[in-house]
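Here's the structure we're looking at; comments come further down.
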Amino acid sequence: MQWCTLPNGSMLCRIILEPGQGLRGSAGDLSKYFHRLKQLPEAIARNCFGRQFDGSEYAEFGGEPGVMYRLGLAVVAMGDLNAVFIAQMCHLDLLEKFGAINPDLIIEYGSPLPDSEVLVGIYVDDLLVMHIFDKNQVCKFKGPDKDIITKTHQAYDWAGLPRSKDKDFGFGAGAAGAQGLTSFTAWGTGVDSETGVVGTTITKRISIAFCIFWLLEFREVQKLVLIRVVALCVHPFMHFRMCMSAFHRMYKYFASFEHDSDMVPLVPDIKDELAFAGLLLVCAITDIRTQINTHITETDATPSGGGSLATDITQELAKNMFQSCQTKGARGMLQRPGLQLPDPLLEKVTIEDPAIATLSECANWRVIREIEHKETTHVNLQEFRQMSWAFRYQCMRTLVPLRCLNLSGSQVSIGAWAHGRSSSVLINGQYRKLVGWAILGRKMLDNLYVRSAFNSADDPSRHAALRAPKPAPQWLAKHFKFEPPLISAHWVVPFRLRLVVEAFAGHAGFTRGCIRAGLSCGAPLEAFPGKSKVAVTDSDLENPEVVSRLVSMITCGMIWYMHFGIPCRTWGTLARINYSRSRANPGGDGINEEELRGNRQAAIVAMLCNLLYATGGHYSIENPQGSTLFWFEEITRLRDNTKAFSVSLGQCMYGLQLPGAKRYEFIKKSTEILTTLPELAVLGGRCTGQCKRRHQHVHALGSYIFQGVRVSRAKLAGRYPTLLCDRWGEALKVAWLRLAGASDGC
């Protein structure tokens, strides 16, 4: 009777705790539950056991002399193949009858978690009730989970079902003043709400690891022993499925020995797999405080090529997509052409979701990879390689722990990924390479199936132009916008480890000055860093992926200070000759493309600065004095929101000169810095005046010949002088010491 689906402890890994939320659990257990389930009278004759005996021996129970009897179970036999199904459904029906539970709250393996703050799991005679609560609003001694437990106790009392009170915990204990536990163990899975760690208890994982390491001392072991040791790893690894791939050749190896009593030699590669699995047991956990990434990917491949796309969506859509991801694996293999397999080996991983197909067709995808492979291989292997690349791409974007989403048209790849390993040595070999990326990059990837006809990544995989997105329905269109993913508070980086980052860096003189001052700096961002004029998209602040990466880094506290030297081509005072900007109309006429590009840059900078300030960071924006940038609406609003102030200085006082200039020839270059750091006020200072012998000003217009090469005066003058960078770095060091001391409570 396939009546029911039991829950599994690994399903608790699918819970998402947002910042400010907690999880508490309560449990109950029934005593001798199977002995309370009455058997149908006509079924008792099929549940007899023991020797025959004469009825005269038990006359007091109605036995008739001369009639032979056998003992028969009047209750559901625990060994009956249908006993678990009967017990499970009786338990469910009893609680539903008393209104204790709602079918929409029940956890079932292979199905998405209920979209509710209350989750109920029933495993034959066990009951688990969990409540996702807001820490600021919850009452410790009451709540919906307490109400469910109270009703279940009433149902048990009515049915005459005794409880194992020594196994109950939380509200299930029924004691006065009881409350749900934020750290508990259910179905072999330990849950710690504060840290977010969900997995097999650490003592059990370490014990299994020691068993494995002890086994490695032998040259050969009994096949049954090897099977048991490998089986011990399954439950812990289900909490971090990728660890399953550690057993690469293991299953086929011990299956080649016929009898369980056969001695199996532990050859080097088998020992290597066992040692790998033993070490991974420590990492076989999931952090349920890890949030969903709003930057999603889509992949597709052909035998000779592959393509990957990316786009940004809202947090709400990302969370709903995550709950629909494939979590139950299926068997798959690299099928040879013309080979007909029996139906049981051709399991379907998932049915097609029309909503996912619509999303794939309507999203504003960007091509992030288009590749032609040197060798033509099986399409399923290429699909998995492309999916693996998308996972590494997410790991390289940011160190923030995230659960990532990917759309794919390969059911073999999706099934293998959800299962945690593949029976195909080639696919599993690709999979196990990603374990290090997952652990050190603190990422997880879940997949959704989309048929090839709706998969937009089908175009770059065939080196075709990316199809235009279709008009999105109203319910979906509002979700196609950039929203940074939430970041859990316990992943925030300590202040002493945070970075200084320079954007629109040019020759990165500012970053060099900060490094000389002893500050930790991130890679400077400059789209055109060298003389070759080759664009570096990974450092281009106009690239949405770079912005998304910066948002993630700022949100989790990896950056404490950013400096933006926004290009002044259309903002400076001299730009008014060729452009339409003015203090009255700083945004320009809305026609000139260079002005529009400058507006986009300023809006991105303002957004990042607001986010930085909201997370306790600081910023500075540099432009020539009198620049219309400081009258631009986004920047003026930023100034008001963050209580920023301006620092004016003449760069001639810091030795700004053209190469080959005379010792007393300087470029004045009046500069204004908008910042929130009071320590930067020391940089201010106007030019003290010209002196014929010691200090004269030269213009930075036009070009001149230097060492046989014509160079632009304006570009050379755009570099910060070394003295200014050093003073700037020293001022930031003072600010860092102040802020680090305040952060550490010093």
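We name chains A, B, ... following the order of the structure tokens; residues begin at 1 in each chain, and ligands are numbered from 1 as shown.
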
Inset, instruction - Please provide as a ChimeraX atom specification all residues within 9 Å of Gln386 in chain A, with the sequence filter that same-chain residues fewer than 5 positions apart are discarded (counting only C-alpha atoms). - result: /A:299-301,306-308,381,391

Inset, instruction - List every residue of range 174-259 of chain A that DSSP, applied to the backbone of this structure, places in strand (DSSP E or B), and write the result as a list of chain:residue names. - result: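 Answer for range 174-259 of chain A restricted to strand (DSSP E or B) is A:Leu181, A:Ser183, A:Phe184, A:Thr185, A:Ala186, A:Thr189, A:Gly190, A:Val191, A:Asp192, A:Val197, A:Val198, A:Gly199, A:Thr200, A:Glu220, A:Val221, A:Gln222.
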
Inset, instruction - Can you list, as a PyMOL selection string, all residues belonging to range 568-724 of chain A that DSSP tags as alpha helix (DSSP H)? - result: chain A and resi 593-614+633-642+713-717+722-724

Inset, instruction - Rank nothing, just name the residue among A:Gln39, A:Ser261, A:Gln657, A:Ser408 nearest to Gln696 in chain A, using only C-alpha atoms. - result: A:Gln657

Legend entry - Residues within 10 Å of Pro354 in chain A, only C-alpha atoms, excluding chain neighbours under 5 positions, as a ChimeraX atom specification: /A:359-360,450-451,454

Legend entry - Counting only C-alpha atoms, the option among A:Ser548, A:Thr150, A:Ser422, A:Gln323 closest to Leu405 in chain A: A:Gln323

Legend entry - Selected residue, from A:Met250, A:Leu476, A:Ile566, A:Ile202, that lies nearest to Leu226 in chain A when counting only C-alpha atoms: A:Met250

Legend entry - Long-range neighbours of range 16-25 of chain A as number ranges by chain, 7 Å cut-off, only C-alpha atoms, 4 positions minimum in chain: A: 128-135, 170, 180-182, 184, 193, 288-289, 291, 488-489

Inset, instruction - State, in Å with one decimal place, the distance from CA of Pro659 in chain A to CA of His507 in chain A. - result: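 Those two atoms sit 15.1 Å apart.
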
Legend entry - Non-local contacts of Val229 in chain A (12 Å; only C-alpha atoms; under 2 positions in same chain excluded) as an MDAnalysis selection string: chainID A and resid 207:216 221:227 231:235 247 250:251 274:275 277:278

Legend entry - Contacts of range 394-397 of chain A within 9 Å, only C-alpha atoms, excl. fewer than 2 positions in-chain, as a list in words: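 Final neighbour list, sorted by chain and number: His295, Ile296, Thr297, Trp389, Ala390, Phe391, Arg392, Leu399, Val400, Pro401, Leu402, Cys404, Trp437, Ala438, Leu440, Gly441, Arg442, Lys443, Leu445, Glu545, Val546, Ser548 and Arg549 of chain A.
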
Legend entry - CA of Val264 in chain A to CA of Arg432 in chain A, distance in Å rounded to a single decimal: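 CA of Val264 in chain A sits 24.2 Å away from CA of Arg432 in chain A.
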
Inset, instruction - Enter the distance from CA of Trp3 in chain A to CA of Ala87 in chain A, in Å, rounded to one decimal. - result: 10.8 Å

Inset, instruction - Go through A:Ala517, A:Ala606, A:Leu525, A:Ala178 and flag the residue nearest Ala735 in chain A, using only C-alpha atoms for the distances. - result: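 So, comparing all the options, the nearest one is A:Ala517.
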
Inset, instruction - Quick one: everything within 9 Å of His618 in chain A, counting only C-alpha atoms, minus sequence neighbours fewer than 4 positions away in the same chain. Send it as a ChimeraX atom specification. - result: /A:560-563,609,612-613,675-677

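If you measure from each of A:Asp93, A:Ala176, A:Leu426, A:Asn447 to Arg385 in chain A using only C-alpha atoms, the closest one turns out to be A:Leu426.
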